[in-house]
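Data block below; observations after.
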Amino acid sequence: MSGIRLLVVLTLLTGCAPEEEPGPSDPPDGGTEIDCDPEVAPVLECASEHAVFQDGVELTSDSEIESFFGQYSSVAGSISLHGSEIKRAPNLGCLKSLDGELLLTETDLCRLDLPKLESAAVLSIHHNDVLESVTAPELVEVGASLDLESNPLLEDVDLSALREVGHWEVSGPPVSGQSDAELALKIQKNDSLTTLDLGSLEFSGGEISFNESDLLSEIALGQLERVNGGLRIDNMNGLTSLAAGNLVEIHGLFRFDHNGANHLMATQEPELPLRVDLPQLQTVGGEVYFDNNPSLVSMDLAALREVSGPFFYRGSIVLDGVDFGALERVSGDVHIAQIFGATFLDLDSLEDIEGGLLVRYSSELSRLSLPLLEEVPGDLEILQNQGLTELDFPVLERVDGDLAIEFNLELPEEEICSVFEQVEASLGGKLRADVECPVAPPESK
């Protein structure tokens, strides 16, 4: 009998427990499981608000963080939090202000909670494999740059009080050893990010960039008025809305490409339509580049007056029409192509371009009108717009490059030859057309 009991005991001791399904905080590479405590990391005891550490510091464990922020509430230099021994960061919630950089990298921290932090020069949070949330509800300004990159489980970011980013310089090099003076806000490669609260942001002193965070469906910048750099949004496959209703000026380029569903046929309406609403935007200080956003169904740039660079718009499928009716000046080429489904293109105010004008491959476009445009310093090309029936360029007098009007199957011969007749005397290049237009005798030129 004793042998039977011994066998049972041995079986219980050596038996294998059933395998568990991976949890949300399991590291992506299958390494050691990190147990994310549902409670916020404890704030055991904060130092006086006047306790300022006058240098930079590197902390690599929870015990070091607990000890340091038990003595100081503000740091005049930079803070580096690095390594897998950082799991809860006790007392980090005591941090109130930071004149340098806060670098959080390659930790096992599940939640970054900064309930008292009001200002910092730089926030750089990247390559934290189990980080799920970032909360800084009192943070009003980030002086130089804010970078959230390659945090694969990061879902929620609360920066709801942030008003300004990138408006002052940082003395000395950042502890990360990297700096980009023109980049103020970067959100990149956060595969799980669904919620990003930037609802109070009014001003950016450098470029704003969103890239490769496919679960983020909305970029809402409702209070943003001015970007003293570029605005770059690309490869955001889950994006359905970009809204910045108060934005008036982008000082650099505006690039918006490969966003939304990217595998649609020309006749297929998207299940998740993409909308861009920038109704107050008036000037862009660099190029405007829209490319390959096939689920884009509406775009409000109706106030845009001036682009200090080329204007490139291509690759949307189901827009009813494209309204650039306020656009007056473009310092480069104007290139518009593949706006399938758009029956109209409003360029009624365009009077000054510093390059060519190209309208191509827009099969539903029926009329092209530029009532104020007198001169095209480059090529004028109108190609393969199969539904086009009317051209209206009443004051056009000069084309310095080629004039190409080809493969517009419904466009009458007289429409083509009328444009040629207007610019024949000043045409700097060749005429390429589906028809032979009468050429004036040399003496009449």
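Identifiers for the structure tokens are assigned positionally: chains receive A, B, ... in sequence, residues are indexed from 1 per chain, and ligands are indexed from 1 in the order shown.
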For Ala326 in chain A, find every residue with an atom within 8 Å (counting only C-alpha atoms), except residues of its own chain fewer than 2 positions away, and show them as JSON, numbers by chain. {"A": [302, 303, 304, 305, 324, 328, 347, 348, 349, 350]}
Can you write out the residues you just picked, keeping C-alpha atoms, as a PDB file, in the first residue's frame?
ATOM      1  CA  ALA A 302     -10.316  74.209 -49.361  1.00  0.00           C
ATOM      2  CA  ALA A 303      -8.414  77.089 -47.700  1.00  0.00           C
ATOM      3  CA  LEU A 304      -4.957  76.175 -49.026  1.00  0.00           C
ATOM      4  CA  ARG A 305      -3.526  79.219 -50.856  1.00  0.00           C
ATOM      5  CA  PHE A 324      -8.142  73.077 -54.331  1.00  0.00           C
ATOM      6  CA  GLU A 328      -3.050  80.482 -55.896  1.00  0.00           C
ATOM      7  CA  LEU A 347      -8.091  74.837 -59.441  1.00  0.00           C
ATOM      8  CA  ASP A 348     -10.029  78.016 -60.154  1.00  0.00           C
ATOM      9  CA  SER A 349      -7.662  80.335 -58.213  1.00  0.00           C
ATOM     10  CA  LEU A 350      -4.358  78.970 -59.481  1.00  0.00           C
TER      11      LEU A 350
END
Which residue, A:His258, A:Arg432, A:Arg329, A:Arg398, has the smallest gap to Gly238 in chain A when you use only C-alpha atoms? A:His258
Contacts of range 116-118 of chain A at 10 Å or less, counting only C-alpha atoms, minus same-chain residues fewer than 2 places along, as a list in words?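 Near range 116-118 of chain A, the qualifying residues are Ser73, Ser74, Leu92, Gly93, Cys94, Leu95, Lys96, Ser97, Leu98, Asp113, Leu114, Ala120, Thr135, Ala136, Pro137, Glu138, Leu139, Val140, Glu141, Val142, Ala161 and Leu162 of chain A.
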Have a look at CA of Gly356 in chain A and CA of Asp234 in chain A and let me know their distance in Å, one decimal.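 Going from CA of Gly356 in chain A over to CA of Asp234 in chain A, I get 25.8 Å.
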Close residues, range 307-312 of chain A itself excluded, 9 Å, only C-alpha atoms, min 3 positions apart in chain, as a list of chain:residue names: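 The residues satisfying every condition are A:Gly252, A:Leu253, A:Gln282, A:Thr283, A:Val284, A:Gly285, A:Gly286, A:Glu287, A:Val288, A:Tyr289, A:Phe290, A:Asp291, A:Leu304, A:Leu327, A:Glu328, A:Arg329, A:Val330, A:Ser331, A:Gly332, A:Asp333, A:Val334, A:His335, A:Ile336, A:Ala337, A:Glu354, A:Gly355.
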From a backbone DSSP assignment, name each residue in range 260-405 of chain A labelled strand (DSSP E), as a PyMOL selection string. chain A and resi 274-277+283-284+288-291+296-300+306-307+311-316+321-323+329-330+334-339+344-346+352-353+357-360+367-369+375-376+380-383+390-392+398-399+403-405
Keeping only C-alpha atoms, write the selected residues to a file as a PDB file, in the first residue's frame.
ATOM      1  CA  LEU A 274     -10.209  57.596 -44.902  1.00  0.00           C
ATOM      2  CA  ARG A 275     -10.941  61.296 -44.423  1.00  0.00           C
ATOM      3  CA  VAL A 276      -8.608  64.276 -44.174  1.00  0.00           C
ATOM      4  CA  ASP A 277     -10.022  67.458 -42.632  1.00  0.00           C
ATOM      5  CA  THR A 283       0.198  77.749 -46.410  1.00  0.00           C
ATOM      6  CA  VAL A 284       2.695  74.910 -46.711  1.00  0.00           C
ATOM      7  CA  VAL A 288       2.727  68.801 -50.703  1.00  0.00           C
ATOM      8  CA  TYR A 289       2.889  65.090 -51.449  1.00  0.00           C
ATOM      9  CA  PHE A 290      -0.193  62.849 -51.397  1.00  0.00           C
ATOM     10  CA  ASP A 291       0.419  59.398 -52.853  1.00  0.00           C
ATOM     11  CA  LEU A 296      -9.288  58.312 -49.179  1.00  0.00           C
ATOM     12  CA  VAL A 297     -12.901  59.370 -49.787  1.00  0.00           C
ATOM     13  CA  SER A 298     -12.848  63.016 -48.755  1.00  0.00           C
ATOM     14  CA  MET A 299     -10.240  65.693 -48.270  1.00  0.00           C
ATOM     15  CA  ASP A 300     -10.808  69.248 -47.089  1.00  0.00           C
ATOM     16  CA  GLU A 306       0.220  78.728 -51.238  1.00  0.00           C
ATOM     17  CA  VAL A 307       2.640  75.809 -51.532  1.00  0.00           C
ATOM     18  CA  PHE A 311       2.318  69.864 -55.433  1.00  0.00           C
ATOM     19  CA  PHE A 312       1.889  66.132 -56.025  1.00  0.00           C
ATOM     20  CA  TYR A 313      -1.440  64.344 -55.621  1.00  0.00           C
ATOM     21  CA  ARG A 314      -1.918  60.753 -56.779  1.00  0.00           C
ATOM     22  CA  GLY A 315      -3.702  57.569 -55.956  1.00  0.00           C
ATOM     23  CA  SER A 316      -7.110  57.917 -54.334  1.00  0.00           C
ATOM     24  CA  GLY A 321     -14.166  65.626 -56.370  1.00  0.00           C
ATOM     25  CA  VAL A 322     -10.975  67.434 -55.418  1.00  0.00           C
ATOM     26  CA  ASP A 323     -11.299  70.996 -54.150  1.00  0.00           C
ATOM     27  CA  ARG A 329       0.693  79.721 -56.023  1.00  0.00           C
ATOM     28  CA  VAL A 330       2.856  76.617 -56.296  1.00  0.00           C
ATOM     29  CA  VAL A 334       1.641  70.611 -60.130  1.00  0.00           C
ATOM     30  CA  HIS A 335       1.129  66.882 -60.705  1.00  0.00           C
ATOM     31  CA  ILE A 336      -2.328  65.343 -60.241  1.00  0.00           C
ATOM     32  CA  ALA A 337      -2.977  61.722 -61.208  1.00  0.00           C
ATOM     33  CA  GLN A 338      -5.149  58.679 -60.540  1.00  0.00           C
ATOM     34  CA  ILE A 339      -8.016  60.352 -58.722  1.00  0.00           C
ATOM     35  CA  PHE A 344     -14.245  67.581 -60.866  1.00  0.00           C
ATOM     36  CA  LEU A 345     -10.922  69.190 -60.042  1.00  0.00           C
ATOM     37  CA  ASP A 346     -11.171  72.727 -58.681  1.00  0.00           C
ATOM     38  CA  ASP A 352       1.240  81.187 -60.538  1.00  0.00           C
ATOM     39  CA  ILE A 353       3.263  77.973 -60.845  1.00  0.00           C
ATOM     40  CA  LEU A 357       1.304  71.180 -64.961  1.00  0.00           C
ATOM     41  CA  LEU A 358       0.445  67.507 -65.325  1.00  0.00           C
ATOM     42  CA  VAL A 359      -3.039  65.936 -65.076  1.00  0.00           C
ATOM     43  CA  ARG A 360      -3.069  62.191 -65.764  1.00  0.00           C
ATOM     44  CA  ARG A 367     -13.778  69.130 -67.117  1.00  0.00           C
ATOM     45  CA  LEU A 368     -10.447  70.807 -66.452  1.00  0.00           C
ATOM     46  CA  SER A 369     -10.561  74.538 -65.861  1.00  0.00           C
ATOM     47  CA  GLU A 375       1.853  80.809 -68.028  1.00  0.00           C
ATOM     48  CA  VAL A 376       3.285  77.314 -67.500  1.00  0.00           C
ATOM     49  CA  LEU A 380       1.724  71.078 -69.814  1.00  0.00           C
ATOM     50  CA  GLU A 381       0.585  67.457 -70.007  1.00  0.00           C
ATOM     51  CA  ILE A 382      -3.019  66.222 -70.025  1.00  0.00           C
ATOM     52  CA  LEU A 383      -2.872  62.471 -70.522  1.00  0.00           C
ATOM     53  CA  GLU A 390     -13.764  70.021 -71.849  1.00  0.00           C
ATOM     54  CA  LEU A 391     -10.644  72.183 -71.357  1.00  0.00           C
ATOM     55  CA  ASP A 392     -11.006  75.766 -70.147  1.00  0.00           C
ATOM     56  CA  ARG A 398       2.628  80.659 -72.703  1.00  0.00           C
ATOM     57  CA  VAL A 399       4.022  77.123 -72.235  1.00  0.00           C
ATOM     58  CA  LEU A 403       2.335  70.686 -74.729  1.00  0.00           C
ATOM     59  CA  ALA A 404       1.016  67.120 -74.562  1.00  0.00           C
ATOM     60  CA  ILE A 405      -2.720  66.392 -74.822  1.00  0.00           C
TER      61      ILE A 405
END
So that I can see what lies close to Leu131 in chain A, please list as a list in words the residues with an atom at most 8 Å from it, counting only C-alpha atoms and leaving out residues fewer than 2 positions away in the same chain.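 Non-adjacent residues within range: Ser25, Asp108, Leu109, Cys110, Arg111, Leu112, Asn128, Asp129, Ser133, Asn151, Pro152, Leu153 and Leu154 of chain A.
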Would you mind exporting N, CA and C atoms of the selected residues as a PDB file, in the first residue's frame?
ATOM      1  N   SER A  25       1.199  40.527 -22.114  1.00  0.00           N
ATOM      2  CA  SER A  25       2.493  41.118 -21.805  1.00  0.00           C
ATOM      3  C   SER A  25       3.649  40.160 -22.007  1.00  0.00           C
ATOM      4  N   ASP A 108      11.689  46.270 -18.828  1.00  0.00           N
ATOM      5  CA  ASP A 108      10.550  45.368 -18.680  1.00  0.00           C
ATOM      6  C   ASP A 108       9.407  46.073 -17.953  1.00  0.00           C
ATOM      7  N   LEU A 109       9.337  47.374 -18.125  1.00  0.00           N
ATOM      8  CA  LEU A 109       8.271  48.174 -17.513  1.00  0.00           C
ATOM      9  C   LEU A 109       6.987  48.023 -18.329  1.00  0.00           C
ATOM     10  N   CYS A 110       5.893  47.737 -17.627  1.00  0.00           N
ATOM     11  CA  CYS A 110       4.600  47.583 -18.301  1.00  0.00           C
ATOM     12  C   CYS A 110       3.855  48.906 -18.443  1.00  0.00           C
ATOM     13  N   ARG A 111       4.017  49.774 -17.463  1.00  0.00           N
ATOM     14  CA  ARG A 111       3.310  51.054 -17.478  1.00  0.00           C
ATOM     15  C   ARG A 111       4.274  52.162 -17.089  1.00  0.00           C
ATOM     16  N   LEU A 112       4.262  53.226 -17.848  1.00  0.00           N
ATOM     17  CA  LEU A 112       5.027  54.420 -17.493  1.00  0.00           C
ATOM     18  C   LEU A 112       4.038  55.468 -17.025  1.00  0.00           C
ATOM     19  N   ASN A 128      10.825  49.138 -25.794  1.00  0.00           N
ATOM     20  CA  ASN A 128      10.381  48.544 -24.533  1.00  0.00           C
ATOM     21  C   ASN A 128       9.338  47.490 -24.876  1.00  0.00           C
ATOM     22  N   ASP A 129       9.730  46.211 -24.821  1.00  0.00           N
ATOM     23  CA  ASP A 129       8.934  45.147 -25.427  1.00  0.00           C
ATOM     24  C   ASP A 129       7.615  44.869 -24.731  1.00  0.00           C
ATOM     25  N   SER A 133       1.335  51.165 -21.626  1.00  0.00           N
ATOM     26  CA  SER A 133       0.713  52.489 -21.543  1.00  0.00           C
ATOM     27  C   SER A 133       1.734  53.525 -21.100  1.00  0.00           C
ATOM     28  N   ASN A 151       7.680  50.231 -29.595  1.00  0.00           N
ATOM     29  CA  ASN A 151       7.151  49.649 -28.365  1.00  0.00           C
ATOM     30  C   ASN A 151       5.976  48.767 -28.789  1.00  0.00           C
ATOM     31  N   PRO A 152       6.199  47.483 -29.035  1.00  0.00           N
ATOM     32  CA  PRO A 152       5.220  46.674 -29.769  1.00  0.00           C
ATOM     33  C   PRO A 152       3.903  46.437 -29.059  1.00  0.00           C
ATOM     34  N   LEU A 153       3.860  46.518 -27.720  1.00  0.00           N
ATOM     35  CA  LEU A 153       2.616  46.287 -26.978  1.00  0.00           C
ATOM     36  C   LEU A 153       1.977  47.577 -26.480  1.00  0.00           C
ATOM     37  N   LEU A 154       2.537  48.704 -26.822  1.00  0.00           N
ATOM     38  CA  LEU A 154       2.000  49.990 -26.348  1.00  0.00           C
ATOM     39  C   LEU A 154       0.644  50.256 -26.977  1.00  0.00           C
TER      40      LEU A 154
END
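Candidate residues A:Ala342, A:Gly325, A:Glu101, A:Glu413 were compared for distance to Leu372 in chain A, and the nearest is A:Gly325, using only C-alpha atoms.
Shortest atom-to-atom contact with Glu164 in chain A among A:Ser150, A:Asn246, A:Ser119, A:Ser124: A:Ser119, counting only C-alpha atoms.
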Need the shell around Tyr72 in chain A: protein/DNA/RNA residues with any atom at most 8 Å away, counting only C-alpha atoms. Skip same-chain ones fewer than 6 positions apart. Format as a VMD selection string? chain A and resid 46 to 49 51 to 53 95
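Every protein, DNA or RNA residue with an atom at most 9 Å from Val395 in chain A, where only C-alpha atoms count and chain neighbours fewer than 2 positions away do not, is listed here: Leu370, Pro371, Leu372, Leu373, Glu374, Glu375, Phe393, Glu397 and Gln422 of chain A.
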Once you have the residues from the selection above, write them out as an mmCIF file, in the first residue's frame, restricted to N, CA and C atoms.
data_model
loop_
_atom_site.group_PDB
_atom_site.id
_atom_site.type_symbol
_atom_site.label_atom_id
_atom_site.label_comp_id
_atom_site.auth_asym_id
_atom_site.auth_seq_id
_atom_site.Cartn_x
_atom_site.Cartn_y
_atom_site.Cartn_z
ATOM 1 N N LEU A 370 -8.754 76.123 -65.628
ATOM 2 C CA LEU A 370 -7.805 76.981 -64.910
ATOM 3 C C LEU A 370 -8.003 78.406 -65.412
ATOM 4 N N PRO A 371 -9.003 79.090 -64.906
ATOM 5 C CA PRO A 371 -9.407 80.382 -65.472
ATOM 6 C C PRO A 371 -8.413 81.509 -65.266
ATOM 7 N N LEU A 372 -7.451 81.394 -64.318
ATOM 8 C CA LEU A 372 -6.527 82.493 -64.030
ATOM 9 C C LEU A 372 -5.091 82.215 -64.455
ATOM 10 N N LEU A 373 -4.806 81.039 -64.938
ATOM 11 C CA LEU A 373 -3.426 80.663 -65.246
ATOM 12 C C LEU A 373 -3.008 81.204 -66.616
ATOM 13 N N GLU A 374 -1.958 82.041 -66.623
ATOM 14 C CA GLU A 374 -1.475 82.647 -67.868
ATOM 15 C C GLU A 374 -0.241 81.953 -68.423
ATOM 16 N N GLU A 375 0.574 81.342 -67.568
ATOM 17 C CA GLU A 375 1.853 80.809 -68.028
ATOM 18 C C GLU A 375 2.189 79.512 -67.309
ATOM 19 N N PHE A 393 -8.977 77.039 -70.457
ATOM 20 C CA PHE A 393 -7.803 77.826 -70.073
ATOM 21 C C PHE A 393 -7.916 79.196 -70.751
ATOM 22 N N GLU A 397 -1.359 81.862 -72.117
ATOM 23 C CA GLU A 397 -0.656 82.438 -73.265
ATOM 24 C C GLU A 397 0.694 81.793 -73.527
ATOM 25 N N GLN A 422 -3.747 78.949 -78.570
ATOM 26 C CA GLN A 422 -3.463 79.996 -77.590
ATOM 27 C C GLN A 422 -1.975 80.137 -77.295
#
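CA of Ser84 in chain A to CA of Ser213 in chain A spans 24.4 Å [interatomic distance, one decimal].
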To one decimal in Å, tell me the separation between CA of Asn190 in chain A and CA of Ser295 in chain A. 22.0 Å
For Gly260 in chain A, the nearest of the candidates A:Gln384, A:Ser241, A:Ser160, A:Thr105, counting only C-alpha atoms: A:Ser241
